[in-house]
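These notes are about the structure you will find just below.
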Protein chains: 4
Amino acid sequence: MNEYQIYVGGKFRKTNTPLPVTNPYNKEVFAQTWLAGPQEVEDAVLAGLAAEEEMASLPVYQRYEILHGVSEALKSGRERLATVLAQESGKPMRYALGELDRGAQTFQVAAEESKRLPGEYVSIDWTPAGKGKEGWVKYFPVGLMAGIAPFNFPLNLALHKIAPAIAAGNPIILKPARSTPLSVLELAKILDKTSLPKGAVSILPTDREAGNQLVTDPRIKMLSFTGSPAVGWKMKQQAGKKKVLLELGGNAGVIVSDTADIDLAVKRCVIGGYAYSGQICIHVQRIYVHERIFDDFATRFTENVKNLRFGDPLDPETEISVMIDEENAQRVQEWVDESVEEGARILLGGEKKETYFEPTVLTKTAESMKVCALEVFGPVVTLEKFHDFDEAVGFINDSRYGLQAGVFTNRMDEVNKAFNHLKVGGVIVNDVPTFRVDHMPYGGVKDSGLGREGLKYSIREMMEPRLLVKNIL
Amino acid sequence: MNEYQIYVGGKFRKTNTPLPVTNPYNKEVFAQTWLAGPQEVEDAVLAGLAAEEEMASLPVYQRYEILHGVSEALKSGRERLATVLAQESGKPMRYALGELDRGAQTFQVAAEESKRLPGEYVSIDWTPAGKGKEGWVKYFPVGLMAGIAPFNFPLNLALHKIAPAIAAGNPIILKPARSTPLSVLELAKILDKTSLPKGAVSILPTDREAGNQLVTDPRIKMLSFTGSPAVGWKMKQQAGKKKVLLELGGNAGVIVSDTADIDLAVKRCVIGGYAYSGQICIHVQRIYVHERIFDDFATRFTENVKNLRFGDPLDPETEISVMIDEENAQRVQEWVDESVEEGARILLGGEKKETYFEPTVLTKTAESMKVCALEVFGPVVTLEKFHDFDEAVGFINDSRYGLQAGVFTNRMDEVNKAFNHLKVGGVIVNDVPTFRVDHMPYGGVKDSGLGREGLKYSIREMMEPRLLVKNIL
Amino acid sequence: MNEYQIYVGGKFRKTNTPLPVTNPYNKEVFAQTWLAGPQEVEDAVLAGLAAEEEMASLPVYQRYEILHGVSEALKSGRERLATVLAQESGKPMRYALGELDRGAQTFQVAAEESKRLPGEYVSIDWTPAGKGKEGWVKYFPVGLMAGIAPFNFPLNLALHKIAPAIAAGNPIILKPARSTPLSVLELAKILDKTSLPKGAVSILPTDREAGNQLVTDPRIKMLSFTGSPAVGWKMKQQAGKKKVLLELGGNAGVIVSDTADIDLAVKRCVIGGYAYSGQICIHVQRIYVHERIFDDFATRFTENVKNLRFGDPLDPETEISVMIDEENAQRVQEWVDESVEEGARILLGGEKKETYFEPTVLTKTAESMKVCALEVFGPVVTLEKFHDFDEAVGFINDSRYGLQAGVFTNRMDEVNKAFNHLKVGGVIVNDVPTFRVDHMPYGGVKDSGLGREGLKYSIREMMEPRLLVKNIL
Amino acid sequence: MNEYQIYVGGKFRKTNTPLPVTNPYNKEVFAQTWLAGPQEVEDAVLAGLAAEEEMASLPVYQRYEILHGVSEALKSGRERLATVLAQESGKPMRYALGELDRGAQTFQVAAEESKRLPGEYVSIDWTPAGKGKEGWVKYFPVGLMAGIAPFNFPLNLALHKIAPAIAAGNPIILKPARSTPLSVLELAKILDKTSLPKGAVSILPTDREAGNQLVTDPRIKMLSFTGSPAVGWKMKQQAGKKKVLLELGGNAGVIVSDTADIDLAVKRCVIGGYAYSGQICIHVQRIYVHERIFDDFATRFTENVKNLRFGDPLDPETEISVMIDEENAQRVQEWVDESVEEGARILLGGEKKETYFEPTVLTKTAESMKVCALEVFGPVVTLEKFHDFDEAVGFINDSRYGLQAGVFTNRMDEVNKAFNHLKVGGVIVNDVPTFRVDHMPYGGVKDSGLGREGLKYSIREMMEPRLLVKNIL
């Protein structure tokens, strides 16, 4: 069985608490790592603090080489690393490979952005008080950071903490999800071979107490968290004086107008709804279809969902596999059952089989049902009709969340309305809200989060401006 | 009779050559100014060169006060100045008043942009050769400029030279059109009362020889010209080492798609086609209407044009009046006649009456006719049908010019095509190409010009970047 | 006695709890207003929420007119408003007049920035996943805000909440300090006469419970607070999901190098140290002088401080007057006494006389003493020598705060070191840290705050980016 | 003997006019290529025009792959290509290798910048005329370009035309110098193996007539020229409606203040003055040293220059070798002799030996001598003293050129003066004007050029903005 030591302050270590890692598809424990406790976190903090100055003053060409080198290593290890990722997460290989490609891109973009850290000129003499003076603003790294990553993109969402931290010049301690620590510990091995200052990156799954320390420790200047809304907002409260970046979930909606390309809409909604069993922050959860084309859309959509190939994540043909664990599958079952009791109709699926939950299509739902109002994080999509576009915009906005939304239409007035009135972080026209490329600004409003990722944007959040005012005479 | 002295190096002067100014509507000489010759240009150049350093080092708050003060003076003299402008140009008061409003805005925006001159940070250490260094870029004024302005917006197009020159810190010598020198000489009186360094602005109509000196004199660092393509491109050739900005004409086109709001399209096209008798660089010259709605559009458009009120420019009710001079009216008559000989059909108008040319609608034209291919600069519009949108885009592009284009549509794919494939400086959706607000980037491609106006943009053209590389260790 | 009604949701009102306002110089109650309780806050919240949509969609030219109009009104009421401000705060007229000038500038800059709200283009096709797509980012207002302002710049620091909120399109509820509510209630009268949507701005001093509601109410999307570190950081904890901007205090330091212009340094440090009795976030609290010039500097500095003219704030000759209340004067007395007990030496002053505290110069202090380590917010300055520049940088950085720092030097290596190594929000070369013009980015690191003001910067903090991804083919 | 076919519209071809290539060190003809005539230019133009649309619509990821792939190929062929370059140009291997490294960097930066083509948001409703509208600006490629490159950096200065052209989406025809066509024809082989559309790049040395066609042909939209001022400015005149970018020469100066690090100044000035025998646009031609340190500097500088190792360019130890041809060496001899006749004193060197010209140091020169006033483009440096800094700034500015300047100092007031008053494109503090990294903005003012290179900047020059105005309601 493979053993993965955790990476503390530039050293690979074991602890007293083994952490077995299970393949959710076949329930086998196929690898082992260790849980960090308070001591390992303390060591990581001290190493990180010690690395602050060296990180802040790394020449740009060295930052580039390190980040670019990691990108190349992720490319050359693509198949092997995707297999580890598929095993720990139950994510089908086709998506695991895609995650590796995105991870390589995340590091490459960070490499490029490290050359382009912001800086600006400010003329100061707008009033006589500023006569003879001018200003220049540079951005400096905030210092030691903590990053907390979820299970659903165990590699790439961790990289969205680590890569911009390095680009900005910040040390970082990264805590992966307990269920999926391996792919990012593979990254630790890659990082360890670069010229990155030791201590600049620590990667350690933790027990609850040690994890909490990452949130509360005042020596840590910033916390970047991706995960569930409930946990994220509580962390904000406990984070003290830290800057906090939260990438939380949502109940992303899609509007399909009567001018839409229905083929395209169906095809993209199937992927957006069921890829990795809907365990994606921007999974298509709610689809609103213009009444004129609703029946047509519903028929074709359900047909397509029915044809998704279930199987072992490691099988390249597999399109849908198990959920991360039975507990989650059980939760989804309860929400679906509850919705049916309250009047919803199942068009397809609706049943759990151990950790597998069938791709499910519901209709006749109400906004108050959990499958609509909360983040279902499972392979469940609701399909409802709307009468006019403003109404559909209202449906999407009638939510505590606001991450991304998709709009299929060819009417410019509808695009304008969608962009100007949907209260979300991103509006995707003629594609699903699930669309994300790694350099684009990404993040939610309302309960869906605080701040933006997408390398240029997260790097900016990880830096502080400093103004220099000086004489020019 | 009013006398307007010319403004040379901060002093109001007469010369040996009087220049009478005629009202084109009633043919009366109502005012007199003087033509500058080589000596006055030489004096203006020397005064401008002497003012370079002081202009370059004016504190921002003083630039703001000067520019903002002029804006306020234009507002408070609105009615009076618009009357002068209407008299010298034959422009109906409603449009002359609009030009005053725009002129005040041009100066106010320049005032604000003078606070926001560009500057940027450049990290230098992308390779080991740059280790320990960083760069800052500031922009410095180019130095003495010449501006040459046309008759059709005798005030505001001159202001688009003068206001950004002051904002950038450049002295400027402005030559107005011989037929319309008065409104900008009114501006000279306003400028003279501010704290602007004497010599920073000269305003002088010139004879041909002296005008040519503005183009060829090597002590002048930049030439900004608005006028006809033939003259402009020749100036570029003669300008030596100068930077050259050219705002030339075009034969602007409009596409009316079958998803357009026809009422809106008709209403806007009438204004775009006939305001100031079409003597506008971005006047609507060619309208392409989808075949499905062509007849409807043609009927309503012609009806509306027929109702335009002709009269004295000073009458506030007047919607259309005379052209700038009979020579131009005669040229338009010849072009229209020629087009009819070659197969065009007149839907409305077509006749010259002294300096007045009737609002004219043509159809069945060919791209090779002068009324299509050249800049008509008169109240003539061609109306043709198209079959599909790509074809209409081709029609617009089949021209030596490329200033602005209008597109009336509610289809997003058409908007995308228009923006990505129309070879022009600006694409105006659901409005005419005649749309311009003074802060927007404005200028043409192909034979329509070189560079962009719209204060922020013209200021940038009037400045040179300078890089500072220094150690940061 | 003047009565000032509070401004709740667009209406002037009284409440059940009168709030008398005292002149701290002569202890007279010279005006009265009212304290808002939970009901008034609730009304203000409801009115603010109701105004969100209208505020978000105000055309730019209307935002400009409103903001610019207020700026003009502040200019025309300059003397009268400064008198109110001097009376409520005990701030000498010369400084009160300066605050009015700055307030007018704050609104004018906000007016101009409202035209320049950010927006950006993002190419999306960096990987095949983004083929055929492009992105545009616009920024939208966050929605209803709360602003909490301190007593020391009772007008301008409130305006730094209100003006950018309006520019961004956000309604705002502003709570002034209880001791100084009047000048900002004067602003309410000005705002009420503009075309600003009713309910967009509420201004109300509150009791503790109602004030707390502004921090905790989840319908309020953002909190902008200027005040003491202790209060500010606690608010961050209680603010729930809100965005939080904190402008807190510091113990600003100055370095005087041996290449400094001593005359300039002395003159500026006297103003930075004692203006408004040091009750300024960026008051000069600690001066570090190169040992070679220490004695000379100390002599001249003390001499200059000794000559400051004490008197009635309303007397235009007055340079220093009373503190805001006796409680604060008493606290300063205790800190000074404590420092002396621990070994500090008084070079000048050191005594409280009712609410007046003498301008005080201390030396032989230690970083651990309260007069060094905490924010003294009184007319007390410490003077210490240093041996080399790196040491001086270390002294400044040895603090929990990091707002601004001043450096007097003519050596480029020292400027570079200062800018790259001082952990503050702003480094002012050849001037005191007290330097602020209203459009510059302003704010602290470490315990001194979170986020930046300076209109462009605070507006950006008050908006959320939204990405539009669309097809371009 | 190696044969290099020219690269015309995506095909390697011979012509009727062979062009032998000589090694200037040993006078041997070591390779042969061919001169293009009008027919080959015509073919290249047609192929370029045909490629315009495909180039404009290449997805970003393909542009990146092509450009990045070339960068990698230059790295892997480094030694071999540097040898070709050293042979054709007589450039010592240490500098030839450096040029290869820079070439790889030029393509890599272009790859990265192709992802970051500009685009901006413009709010339109600053006046009621713009109500309900907003604007977006995108930049589009200008179309077919011509690039003309000089002999002195035969590879990298050609790449500064080709790489940004590809990044911007423009086809380009590149004409290398006749004496040094080989290294860039090696690039043609690399480009030909990529997926770049055929015809997008042509590389062809030409006879005079065909070369002239590149300047005058109206189908070519832009000309980018690096070479001598006389030729460049004449081209501007003949270029018709083209955009023109000129990178010309200068007589770069250095100021050595009495606060300078003399060791550093000497060491850097030796390299800046004599690398590649001074045949560099930003070669150190004039050194002004503060009178207090002049003798010391002169002694040490002359000593260091004396020790430069002469030899075969292919010898890795060689520091200085021959000039490009005897004609140029002869010209330098005449200028030096003339200066001596007019009163200059030779401190070192001064003699030509065939194509070799000794490293030469002159003093007691006058600004009017050719060795000062013109671009010497040979291993000749003048050394003069100055009394105060303003005088030194005046010396540098007393020139028809303005490319870059170097300043060695540790006084901030001198840095400020240098940056704000030296009329050049770049001021390099504590290094020589010869400093250039490939991504920095680079170009001259006055007779030294027009426009800026440095990928981001040249790409911008190679594109045209286009504004989209649309409704947002």
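Residue numbering restarts at 1 for every chain of the structure tokens, chains are lettered A, B, ... in their displayed order, and ligands are numbered from 1 as they appear.
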For chain D, work out the contacting residues on chain C at 9 Å, counting only C-alpha atoms, and write them as a PyMOL selection string. chain C and resi 59-62+64+115-128+131-132+136-138+409-413+415
Mind writing the picked residues with C-alpha atoms as a compact mmCIF listing (two decimals), in the first residue's frame?
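Contents of the output file selection.txt:
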```
# COMPACT_ATOMS: atom_id res chain seq x y z
CA PRO C 59 -27.14 57.29 -15.12
CA VAL C 60 -23.62 58.50 -14.70
CA TYR C 61 -24.47 62.09 -15.53
CA GLN C 62 -26.97 62.17 -12.68
CA TYR C 64 -22.01 63.34 -11.37
CA LYS C 115 -17.69 58.27 -14.57
CA ARG C 116 -14.79 55.89 -14.43
CA LEU C 117 -16.16 52.85 -12.67
CA PRO C 118 -14.02 49.89 -13.59
CA GLY C 119 -14.65 47.31 -16.30
CA GLU C 120 -12.32 45.01 -18.16
CA TYR C 121 -11.89 42.64 -21.05
CA VAL C 122 -10.78 39.05 -20.46
CA SER C 123 -9.84 36.80 -23.34
CA ILE C 124 -11.14 33.38 -22.47
CA ASP C 125 -9.65 31.04 -25.06
CA TRP C 126 -6.33 30.35 -23.35
CA THR C 127 -7.15 26.66 -23.57
CA PRO C 128 -9.34 24.78 -26.03
CA LYS C 131 -12.54 28.40 -27.72
CA GLY C 132 -14.92 30.87 -29.30
CA TRP C 136 -16.15 41.16 -20.04
CA VAL C 137 -16.15 42.18 -16.42
CA LYS C 138 -18.32 44.95 -15.04
CA THR C 409 16.35 61.91 3.17
CA ASN C 410 18.10 62.65 -0.09
CA ARG C 411 19.68 59.20 -0.53
CA MET C 412 18.11 56.97 -3.11
CA ASP C 413 19.17 53.77 -1.36
CA VAL C 415 14.22 55.75 -0.21
```
Could you write out, as an NGL selection string, all the residues of segment 220-391 of chain D that DSSP marks as strand (DSSP E or B)?
:D and (222-226 or 243-247 or 253-256 or 286-290 or 310 or 320 or 345-348 or 352-353 or 356-357 or 360-363 or 380-386)
Discussion item. For segment 446-453 of chain A, find every residue with an atom within 8 Å (counting only C-alpha atoms), except residues of its own chain fewer than 6 positions away, and show them as an NGL selection string.
Written reply: (:A and (160 or 229 or 244-250 or 400-403 or 440 or 461)) or (:C and (241 or 243))
Go ahead and save the picked residues with all heavy atoms, as a compact mmCIF listing (two decimals), in the first residue's frame.
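Saved as selection-v5.txt:
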```
# COMPACT_ATOMS: atom_id res chain seq x y z
N HIS A 160 -5.25 26.42 -6.76
CA HIS A 160 -5.73 27.80 -6.80
C HIS A 160 -5.43 28.56 -5.51
O HIS A 160 -5.68 29.77 -5.42
CB HIS A 160 -7.23 27.86 -7.11
CG HIS A 160 -7.50 27.94 -8.59
ND1 HIS A 160 -7.23 29.04 -9.32
CD2 HIS A 160 -7.98 27.02 -9.47
CE1 HIS A 160 -7.56 28.83 -10.60
NE2 HIS A 160 -8.00 27.61 -10.71
N PRO A 229 -20.76 26.65 2.34
CA PRO A 229 -21.11 27.96 2.91
C PRO A 229 -21.13 27.96 4.44
O PRO A 229 -20.58 28.86 5.06
CB PRO A 229 -22.50 28.23 2.33
CG PRO A 229 -22.52 27.48 1.04
CD PRO A 229 -21.71 26.23 1.30
N VAL A 244 -9.81 37.34 4.42
CA VAL A 244 -10.48 36.06 4.20
C VAL A 244 -11.03 36.02 2.78
O VAL A 244 -11.71 36.95 2.34
CB VAL A 244 -11.62 35.87 5.22
CG1 VAL A 244 -12.38 34.59 4.92
CG2 VAL A 244 -11.08 35.85 6.63
N LEU A 245 -10.71 34.96 2.07
CA LEU A 245 -11.28 34.72 0.75
C LEU A 245 -12.08 33.43 0.81
O LEU A 245 -11.55 32.40 1.22
CB LEU A 245 -10.16 34.63 -0.29
CG LEU A 245 -10.59 34.61 -1.75
CD1 LEU A 245 -9.53 35.29 -2.61
CD2 LEU A 245 -10.85 33.22 -2.27
N LEU A 246 -13.34 33.51 0.44
CA LEU A 246 -14.22 32.35 0.55
C LEU A 246 -14.79 31.98 -0.82
O LEU A 246 -15.42 32.80 -1.48
CB LEU A 246 -15.39 32.67 1.49
CG LEU A 246 -15.06 33.03 2.94
CD1 LEU A 246 -16.33 33.40 3.69
CD2 LEU A 246 -14.34 31.88 3.65
N GLU A 247 -14.55 30.75 -1.22
CA GLU A 247 -15.19 30.23 -2.43
C GLU A 247 -16.15 29.15 -1.99
O GLU A 247 -15.74 28.02 -1.73
CB GLU A 247 -14.13 29.65 -3.39
CG GLU A 247 -13.18 30.68 -3.97
CD GLU A 247 -13.87 31.68 -4.89
OE1 GLU A 247 -15.00 31.39 -5.34
OE2 GLU A 247 -13.28 32.74 -5.14
N LEU A 248 -17.43 29.51 -1.93
CA LEU A 248 -18.41 28.59 -1.37
C LEU A 248 -19.30 28.06 -2.49
O LEU A 248 -18.98 28.19 -3.66
CB LEU A 248 -19.19 29.30 -0.28
CG LEU A 248 -18.28 30.03 0.73
CD1 LEU A 248 -19.08 30.81 1.72
CD2 LEU A 248 -17.34 29.05 1.41
N GLY A 249 -20.40 27.49 -2.13
CA GLY A 249 -21.19 26.82 -3.15
C GLY A 249 -22.35 27.64 -3.66
O GLY A 249 -22.38 28.86 -3.52
N GLY A 250 -23.30 26.96 -4.28
CA GLY A 250 -24.45 27.64 -4.83
C GLY A 250 -25.45 26.64 -5.34
O GLY A 250 -25.28 25.43 -5.18
N ARG A 400 -30.46 32.24 -1.92
CA ARG A 400 -29.47 32.87 -1.04
C ARG A 400 -28.08 32.88 -1.67
O ARG A 400 -27.18 33.50 -1.16
CB ARG A 400 -29.43 32.14 0.30
CG ARG A 400 -28.84 30.74 0.21
CD ARG A 400 -28.61 30.13 1.58
NE ARG A 400 -29.90 29.93 2.25
CZ ARG A 400 -30.01 29.29 3.41
NH1 ARG A 400 -28.92 28.81 4.02
NH2 ARG A 400 -31.19 29.11 3.96
N TYR A 401 -27.95 32.17 -2.77
CA TYR A 401 -26.64 32.04 -3.40
C TYR A 401 -26.51 32.89 -4.65
O TYR A 401 -27.51 33.35 -5.22
CB TYR A 401 -26.38 30.58 -3.77
CG TYR A 401 -26.41 29.66 -2.59
CD1 TYR A 401 -27.44 28.72 -2.44
CD2 TYR A 401 -25.44 29.74 -1.60
CE1 TYR A 401 -27.48 27.88 -1.34
CE2 TYR A 401 -25.47 28.89 -0.49
CZ TYR A 401 -26.50 27.98 -0.36
OH TYR A 401 -26.54 27.15 0.73
N GLY A 402 -25.28 33.05 -5.12
CA GLY A 402 -25.05 33.80 -6.35
C GLY A 402 -23.66 33.54 -6.91
O GLY A 402 -22.80 34.41 -6.85
N LEU A 403 -23.45 32.36 -7.47
CA LEU A 403 -22.12 32.03 -7.96
C LEU A 403 -22.04 32.30 -9.46
O LEU A 403 -21.48 33.29 -9.89
CB LEU A 403 -21.83 30.57 -7.62
CG LEU A 403 -20.38 30.12 -7.59
CD1 LEU A 403 -19.45 31.13 -6.99
CD2 LEU A 403 -20.26 28.79 -6.86
N MET A 440 -9.91 33.01 -15.45
CA MET A 440 -11.01 33.99 -15.41
C MET A 440 -11.36 34.33 -13.96
O MET A 440 -11.13 33.53 -13.06
CB MET A 440 -12.23 33.47 -16.17
CG MET A 440 -13.12 32.54 -15.39
SD MET A 440 -14.41 31.77 -16.47
CE MET A 440 -15.67 31.39 -15.22
N GLU A 461 -5.70 39.64 -4.34
CA GLU A 461 -6.26 39.54 -2.99
C GLU A 461 -5.17 39.19 -1.97
O GLU A 461 -5.31 39.47 -0.78
CB GLU A 461 -7.35 38.47 -2.93
CG GLU A 461 -8.45 38.64 -3.97
CD GLU A 461 -9.79 39.10 -3.38
OE1 GLU A 461 -9.84 39.47 -2.20
OE2 GLU A 461 -10.79 39.07 -4.12
N LYS C 241 -21.65 38.17 7.22
CA LYS C 241 -21.17 37.96 5.86
C LYS C 241 -20.76 39.25 5.16
O LYS C 241 -20.41 39.23 3.99
CB LYS C 241 -22.25 37.25 5.07
CG LYS C 241 -22.51 35.83 5.58
CD LYS C 241 -23.78 35.22 5.03
CE LYS C 241 -24.00 33.85 5.68
NZ LYS C 241 -25.37 33.35 5.49
N LYS C 243 -18.90 42.52 3.72
CA LYS C 243 -17.58 43.05 3.44
C LYS C 243 -17.28 44.09 4.51
O LYS C 243 -18.18 44.84 4.92
CB LYS C 243 -17.54 43.73 2.07
CG LYS C 243 -17.70 42.79 0.91
CD LYS C 243 -17.56 43.51 -0.43
CE LYS C 243 -16.11 43.69 -0.81
NZ LYS C 243 -15.96 44.15 -2.23
```
Between D:Pro313, D:Gly425, D:Pro18, D:Pro433, smallest distance to Leu467 of chain B by only C-alpha atoms belongs to D:Gly425
From a backbone DSSP assignment, name each residue in segment 218-385 of chain B labelled helix (DSSP H, G or I), as an MDAnalysis selection string. chainID B and resid 229:238 262:278 294:306 326:341 370:373
- Item | Contact residues around Lys370 of chain A with only C-alpha atoms at 9 Å, ignoring same-chain residues under 4 positions, as a PyMOL selection string | chain A and resi 335-336+338-339+374-376
